[in-house]
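Okay, so here's the structure we're looking at.
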Amino acid sequence: MDRKQAQNHIGKAVIIDEGQGGSYLGMLEDVIAPPRKTWRGTVQIQAVVELPSFLPEKDEITLLPLKYKDRDVVECIGSKLSLAPEEISTSFQQSMENAAIRRLQELMEQKESLAHKQKALEQFVDAHGLSLPEEAQMDETEDEEDEAIAYTFHYENGMYLLLDERKEALALEECPFELQWVNENNETCTGHYEENGTFMSNDGVRFSPKEGTVFTIDKKQFDPYVIFQKELEPGALQSLEKSLQSFGVSHDHLVDCHNALLTQFLLSEGRTSFQGVNFLTYRGSQGIIMVQHHFDRKLHNQKNDEIYDRFEFTTEQGKRSIVTYTNEFSR
């Protein structure tokens, strides 16, 4: 944003980029633009866009502190300012929570990406018959016994929910996850939450747990790529899988998944319309296959949701393919 744009933008929203100190959204109150000198802007801080960077220390990693507080009025050079895509529509506190959710999502995706990279490296080592020294051996990322998260069932403030060992709550209303529990006959059951504190096993048997009953959820269900697959209609998932097969890859060849729809759902706050692009990277015999998944979701209460998916496949050799899916409406 140059000084002329800034002059025309007084009274509107701007973003301050503080690099490792994070980025912030605020109202541009004034522009100080002396001739032949760097112009500056006066901004009242109203929201956090991106949290500060992590700071590695001796034995731990900390998060750098926020550079600004709510309603701070700051003066900064124009090169740090840019036009905001939208006006402020949330509180400072809520913006911090939203930024934390986005950062957590990034970490989840990075963790999953590292796991896939480790798997690819292990396959390379095995395929070439390499023998690594003991100190270079790759440890298992998780023990089998830690593959599931344990929760206890509770009814609080008119809501049915599950609490993990850290007392973090998972609301059961519209819970998409598959759960496991032990029924009255000491049988292990797998199924989903139904309603009003009852669960339905996959073989059609209802279960009404007591307060404190233990449930478990496989950690894989929190994987952004697993969630991505569940977000797709069966027809869309089949179209994706068929196209992947034509490029000689499958879900097992995934290298990286950026699930933008999941992030939007986490930050939905009552939204009923979602648009964006997911980015999926696979590695197969033809090398890298990049998939851009353009999605459009419009959710309705009284009629079927409107769903549109467009998958754009590109190989590193430049081969391209496009597949689209809609449910009951056309574009």
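Following the order of the structure tokens, chains are lettered A, B, ..., residues in each are numbered from 1, and ligands are numbered from 1.
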
**Report entry** Residue list (helix (DSSP H, G or I), DSSP) for stretch 140-324 of chain A, as a count of residues only
**Finding:** 38

Requested in this report: Find the residues around A:Gly235 up to 10 Å (only C-alpha atoms counted), leave out those fewer than 3 positions away in its own chain, and share them as a ChimeraX atom specification.
Outcome: /A:232,238-241,325-327

For the residues in that selection, give me C-alpha atoms as a PDB file, in the first residue's frame.
ATOM      1  CA  LEU A 232     -16.576 -35.655   0.893  1.00  0.00           C
ATOM      2  CA  GLN A 238     -15.064 -42.308  -5.414  1.00  0.00           C
ATOM      3  CA  SER A 239     -14.273 -39.795  -8.170  1.00  0.00           C
ATOM      4  CA  LEU A 240     -11.125 -38.726  -6.327  1.00  0.00           C
ATOM      5  CA  GLU A 241      -9.986 -42.313  -5.763  1.00  0.00           C
ATOM      6  CA  TYR A 325     -18.871 -33.474  -8.507  1.00  0.00           C
ATOM      7  CA  THR A 326     -22.194 -31.935  -7.463  1.00  0.00           C
ATOM      8  CA  ASN A 327     -25.040 -33.395  -5.454  1.00  0.00           C
TER       9      ASN A 327
END

Query raised in the report: Which is closest to A:Thr38 among A:Lys69, A:Lys80, A:His300, A:Lys58, if we use only C-alpha atoms?
Result: A:Lys80

Requested in this report: Compile the contact shell of A:Phe274 as a VMD selection string: residues with an atom at most 10 Å away, counting only C-alpha atoms, same-chain residues fewer than 5 positions apart removed.
Outcome: chain A and resid 260 to 261 264 to 265 268 295 to 299 307

**Report entry** Gap from atom CA of A:Lys119 to atom CA of A:Thr314 - Å, one decimal
**Finding:** 23.1 Å

Report task. Excluding A:Asp252 and residues on its chain fewer than 6 positions from it, collect all residues at most 10 Å away from it, counting only C-alpha atoms, and give them as a PyMOL selection string. Result -> chain A and resi 116+282-284

Report task. Would you mind writing down, as a ChimeraX atom specification, each residue of stretch 71-237 of chain A that DSSP on the backbone assigns to strand (DSSP E or B)? Result -> /A:73-77,81-83,148-156,159-163,169-171,179-182,188-195,198-201,206-207,214-218

With C-alpha atoms retained, export the selected residues as an mmCIF file, in the first residue's frame.
data_model
loop_
_atom_site.group_PDB
_atom_site.id
_atom_site.type_symbol
_atom_site.label_atom_id
_atom_site.label_comp_id
_atom_site.auth_asym_id
_atom_site.auth_seq_id
_atom_site.Cartn_x
_atom_site.Cartn_y
_atom_site.Cartn_z
ATOM 1 C CA VAL A 73 -2.864 3.124 19.122
ATOM 2 C CA VAL A 74 0.450 2.624 17.346
ATOM 3 C CA GLU A 75 2.470 4.393 14.698
ATOM 4 C CA CYS A 76 4.391 2.299 12.175
ATOM 5 C CA ILE A 77 6.111 2.674 8.823
ATOM 6 C CA LEU A 81 0.731 -1.864 6.379
ATOM 7 C CA SER A 82 -1.546 -3.518 3.843
ATOM 8 C CA LEU A 83 -5.227 -3.310 2.985
ATOM 9 C CA ALA A 148 -6.506 -44.043 20.845
ATOM 10 C CA ILE A 149 -7.609 -41.170 23.064
ATOM 11 C CA ALA A 150 -9.701 -42.034 26.121
ATOM 12 C CA TYR A 151 -12.699 -39.936 27.143
ATOM 13 C CA THR A 152 -15.303 -40.133 29.890
ATOM 14 C CA PHE A 153 -19.004 -39.482 29.324
ATOM 15 C CA HIS A 154 -20.686 -36.576 31.144
ATOM 16 C CA TYR A 155 -23.849 -34.483 31.172
ATOM 17 C CA GLU A 156 -23.171 -30.854 32.070
ATOM 18 C CA MET A 159 -25.146 -30.875 27.158
ATOM 19 C CA TYR A 160 -23.822 -34.388 26.614
ATOM 20 C CA LEU A 161 -20.070 -34.373 26.194
ATOM 21 C CA LEU A 162 -16.845 -36.326 26.497
ATOM 22 C CA LEU A 163 -13.886 -35.184 28.604
ATOM 23 C CA ALA A 169 -14.483 -31.206 26.255
ATOM 24 C CA LEU A 170 -15.765 -32.767 23.044
ATOM 25 C CA ALA A 171 -19.439 -31.947 22.482
ATOM 26 C CA LEU A 179 -16.187 -44.280 19.022
ATOM 27 C CA GLN A 180 -15.526 -47.471 20.950
ATOM 28 C CA TRP A 181 -17.052 -48.501 24.272
ATOM 29 C CA VAL A 182 -17.678 -51.576 26.409
ATOM 30 C CA THR A 188 -16.372 -53.973 22.903
ATOM 31 C CA CYS A 189 -18.608 -52.006 20.538
ATOM 32 C CA THR A 190 -17.877 -49.543 17.763
ATOM 33 C CA GLY A 191 -20.355 -46.932 16.627
ATOM 34 C CA HIS A 192 -21.476 -43.315 16.689
ATOM 35 C CA TYR A 193 -23.334 -40.914 18.930
ATOM 36 C CA GLU A 194 -27.039 -40.828 18.139
ATOM 37 C CA GLU A 195 -28.922 -38.289 20.296
ATOM 38 C CA THR A 198 -27.482 -42.534 23.444
ATOM 39 C CA PHE A 199 -25.057 -44.247 21.087
ATOM 40 C CA MET A 200 -25.686 -46.641 18.205
ATOM 41 C CA SER A 201 -23.251 -49.459 17.465
ATOM 42 C CA ARG A 206 -28.313 -48.725 21.206
ATOM 43 C CA PHE A 207 -26.252 -47.950 24.292
ATOM 44 C CA VAL A 214 -15.137 -44.588 29.131
ATOM 45 C CA PHE A 215 -15.098 -44.099 25.351
ATOM 46 C CA THR A 216 -12.101 -44.122 23.031
ATOM 47 C CA ILE A 217 -11.468 -42.460 19.662
ATOM 48 C CA ASP A 218 -8.743 -43.578 17.272
#

Requested in this report: Give the answer as one residue: which of A:Asn183, A:Gln105, A:Ser321, A:Ser246 has the shortest atom-to-atom distance to A:Thr263, using only C-alpha atoms?
Outcome: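 Selected residue with least distance to A:Thr263: A:Gln105.
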
Query raised in the report: Neighbours of A:Phe54 within 7 Å (only C-alpha atoms; same-chain residues fewer than 6 positions away dropped), as a count of residues only?
Result: 4

Requested in this report: Report the distance between atom CA of A:Ser95 and atom CA of A:Val49 in Å, rounded to one decimal place.
Outcome: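 We find that atom CA of A:Ser95 and atom CA of A:Val49 lie 6.9 Å from each other.
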
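You can rank A:Glu233, A:His128, A:Asp30, A:Gly197 by their closest distance to A:Gly158 using only C-alpha atoms, and at the top of that list sits A:Gly197.
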
Query raised in the report: Could you work out how far atom CA of A:Gln123 lies from atom CA of A:Glu316, giving the answer in Å with one decimal?
Result: 21.1 Å
